[in-house]
Every structure is written in structure tokens, then in C-alpha cells.
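Engineer: So that you have it, the file is structure06.cif, and it contains mmCIF, C-alpha atoms:
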data_my_file
#
loop_
_atom_site.label_atom_id
_atom_site.label_comp_id
_atom_site.auth_asym_id
_atom_site.auth_seq_id
_atom_site.Cartn_x
_atom_site.Cartn_y
_atom_site.Cartn_z
CA MET A 1 -8.52 5.87 -11.03
CA GLN A 2 -5.88 8.54 -10.92
CA HIS A 3 -3.36 6.12 -9.39
CA HIS A 4 -3.99 3.20 -11.69
CA GLY A 5 -1.38 0.91 -10.18
CA ASP A 6 0.45 -1.85 -11.93
CA GLU A 7 -0.37 -4.87 -14.06
CA SER A 8 -1.70 -6.97 -11.18
CA PRO A 9 -5.23 -8.38 -11.38
CA GLN A 10 -6.09 -6.39 -8.26
CA ALA A 11 -4.96 -3.09 -9.79
CA ILE A 12 -6.80 -3.82 -13.04
CA GLN A 13 -9.99 -4.70 -11.17
CA SER A 14 -9.68 -1.66 -8.91
CA VAL A 15 -9.54 0.73 -11.88
CA ALA A 16 -12.49 -1.02 -13.55
CA LEU A 17 -14.65 -1.07 -10.42
CA HIS A 18 -14.03 2.57 -9.53
CA LEU A 19 -14.62 3.66 -13.11
CA LEU A 20 -17.89 1.68 -13.24
CA ASN A 21 -18.97 3.17 -9.92
CA VAL A 22 -18.37 6.75 -11.08
CA HIS A 23 -19.95 5.96 -14.47
CA GLY A 24 -23.15 4.81 -12.79
CA ILE A 25 -23.46 8.04 -10.82
CA ILE A 26 -22.46 10.48 -13.55
CA THR A 27 -24.73 8.93 -16.17
CA GLY A 28 -27.67 8.80 -13.76
CA LYS A 29 -27.92 5.00 -13.91
CA THR A 30 -27.86 5.03 -10.11
CA THR A 31 -27.96 7.61 -7.35
CA ARG A 32 -26.37 5.29 -4.79
CA PRO A 33 -22.59 5.63 -4.45
CA GLY A 34 -20.99 2.21 -4.24
CA TRP A 35 -23.95 0.35 -5.77
CA ALA A 36 -22.32 -0.28 -9.15
CA LEU A 37 -19.02 -1.16 -7.47
CA GLY A 38 -20.77 -3.73 -5.27
CA ARG A 39 -22.49 -5.27 -8.27
CA ALA A 40 -19.38 -5.41 -10.47
CA VAL A 41 -17.11 -6.84 -7.76
CA ARG A 42 -19.02 -10.13 -8.04
CA LYS A 43 -17.05 -10.86 -11.23
CA LYS A 44 -13.35 -11.52 -10.82
CA GLY A 45 -10.78 -11.79 -13.59
CA VAL A 46 -13.06 -10.43 -16.33
CA PHE A 47 -11.71 -6.90 -16.65
CA LEU A 48 -8.90 -6.00 -19.01
CA LYS A 49 -6.19 -3.46 -18.29
CA LEU A 50 -7.17 -0.07 -19.60
CA THR A 51 -4.46 2.23 -20.90
CA PRO A 52 -4.44 5.21 -18.55
CA PRO A 53 -4.96 8.73 -19.86
CA ALA A 54 -1.85 10.71 -20.62
CA LEU A 55 -0.35 12.71 -17.77
CA GLY A 56 -1.79 16.20 -17.84
CA SER A 57 -5.05 15.17 -19.51
CA ALA A 58 -7.03 15.50 -16.28
CA LEU A 59 -6.97 17.44 -13.07
CA THR A 60 -4.98 15.87 -10.24
CA ILE A 61 -5.57 15.73 -6.51
CA ARG A 62 -3.31 18.75 -6.07
CA HIS A 63 -5.85 20.88 -7.97
CA LEU A 64 -8.17 20.56 -4.97
CA PHE A 65 -5.87 22.65 -2.77
CA PRO A 66 -4.28 26.12 -3.10
CA GLY A 67 -0.55 26.37 -3.58
CA GLY A 68 1.96 24.54 -5.74
CA GLY A 69 0.86 26.48 -8.81
CA VAL A 70 -2.87 26.24 -8.04
CA ALA A 71 -4.31 29.70 -7.51
CA ILE A 72 -7.98 28.73 -7.26
CA PRO A 73 -8.73 25.15 -6.22
CA VAL A 74 -11.36 23.19 -8.13
CA THR A 75 -14.34 21.50 -6.52
CA ARG A 76 -14.43 17.77 -5.90
CA THR A 77 -17.09 17.50 -8.61
CA GLN A 78 -14.85 19.26 -11.14
CA TYR A 79 -11.98 16.96 -10.20
CA VAL A 80 -14.04 13.77 -10.51
CA LEU A 81 -15.57 14.84 -13.83
CA SER A 82 -12.14 15.68 -15.22
CA VAL A 83 -10.65 12.30 -14.30
CA TYR A 84 -13.78 10.45 -15.47
CA GLU A 85 -13.83 12.22 -18.84
CA ALA A 86 -10.11 11.54 -19.39
CA TRP A 87 -10.70 7.80 -18.94
CA MET A 88 -13.96 7.80 -20.90
CA SER A 89 -12.40 9.61 -23.86
CA LEU A 90 -10.25 6.51 -24.30
CA HIS A 91 -12.53 3.72 -23.09
CA ARG A 92 -16.19 4.79 -23.34
CA SER A 93 -17.41 1.76 -25.30
CA THR A 94 -15.56 -0.68 -23.03
CA VAL A 95 -16.92 0.90 -19.84
CA GLU A 96 -20.46 0.97 -21.22
CA GLN A 97 -20.19 -2.70 -22.24
CA TRP A 98 -18.83 -3.66 -18.82
CA TYR A 99 -21.64 -1.76 -17.12
CA GLN A 100 -24.27 -3.61 -19.12
CA ARG A 101 -22.57 -6.97 -18.68
CA TYR A 102 -21.35 -6.89 -15.07
CA VAL A 103 -23.38 -4.26 -13.22
CA VAL A 104 -26.92 -4.38 -14.61
CA PRO A 105 -27.70 -8.15 -14.64
CA ASP A 106 -29.05 -9.83 -11.53
#
Once more with this new file: its structure as C-alpha cells, please.
Structural biologist:
Amino acid sequence: MQHHGDESPQAIQSVALHLLNVHGIITGKTTRPGWALGRAVRKKGVFLKLTPPALGSALTIRHLFPGGGVAIPVTRTQYVLSVYEAWMSLHRSTVEQWYQRYVVPD
């Protein structure tokens, strides 16, 4: 989700699927990584492009490693939560609707 790509249907779907996957885990809707992604991938062409969070609104991959201005690296969990919250602050209702519509149903 950090590298949100371009306007292509594949890039749009990739952001949506990864966001739905992380949403399922963080909210406790599932404990199985990849489950929500596998469920949502069944629907093609239904996701809309989400405006990415502003640069600097979330940790980046470089925050996981010392150097380059990072004195104390963050944990993977801190990194994921930061990126997730940046996206959710802009698109919470959309992600929750997508989860109910494209992940939950059989």
C-alpha cells in the first residue's frame, strides 16, 4: 500500500486487496493472513482508486532500518499500523463497505 502504483486496474486492485487483507487482521475479523485477500480477489473491476495518503503521513520502509536519519528503527507492527491508519484516516467507510461486500459473503 505504500507504493500505490498508477491508475491501472491492477494497481487499483492491488491497493484495495492489500488494504482489505491488513484490515481483516488488524480489526480481528480474521487471524489468517491472506484470507481476506483471497476472498476479495474473486471480484475484479469493482474497486475504485483511493487517493493515497500525503507523503510523510505514515512511516516508510526506511524506518525499519537504522541510518538515513533513523536513529531507532520501528517494529514491523508499528510500520504496518502507521501505513494502515494513514489509509484508513482517508478511506475508512469505503474499506469497511468493501470488506462487507467483497470479503464476507460466500
Engineer: Could you check how far atom CA of Val46 of chain A sits from atom CA of Tyr79 of chain A, in Å to one decimal?
Structural biologist: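 Between atom CA of Val46 of chain A and atom CA of Tyr79 of chain A the gap is 28.1 Å.
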Engineer: Considering all atoms listed in the file, return as an MDAnalysis selection string whatever protein or nucleic-acid residues lie within 8 Å of Thr60 of chain A, sequence-local ones (same chain, fewer than 3 positions apart) excluded.
Structural biologist: chainID A and resid 2 63:64 79 83
Engineer: For atom CA of Tyr99 of chain A and atom CA of Val41 of chain A, determine how far apart the two atoms are, in Å to one decimal place.
Structural biologist: 11.6 Å
Engineer: Have a look at A:Ala86, A:Gly69, A:Ala36, A:Gly24 and name the one nearest to Pro53 of chain A; count only C-alpha atoms.
Structural biologist: A:Ala86
Engineer: Could you pull the residues within 10 Å of Pro105 of chain A, counting only C-alpha atoms, minus those fewer than 3 positions along the same chain, as a PyMOL selection string?
Structural biologist: chain A and resi 39-40+99-102
Engineer: For the residues in that selection, give me C-alpha atoms as a short mmCIF file (atom, residue, chain, number, x, y, z; two decimals), in the coordinates of the input.
Structural biologist:
data_model
loop_
_atom_site.label_atom_id
_atom_site.label_comp_id
_atom_site.auth_asym_id
_atom_site.auth_seq_id
_atom_site.Cartn_x
_atom_site.Cartn_y
_atom_site.Cartn_z
CA ARG A 39 -22.49 -5.27 -8.27
CA ALA A 40 -19.38 -5.41 -10.47
CA TYR A 99 -21.64 -1.76 -17.12
CA GLN A 100 -24.27 -3.61 -19.12
CA ARG A 101 -22.57 -6.97 -18.68
CA TYR A 102 -21.35 -6.89 -15.07
#
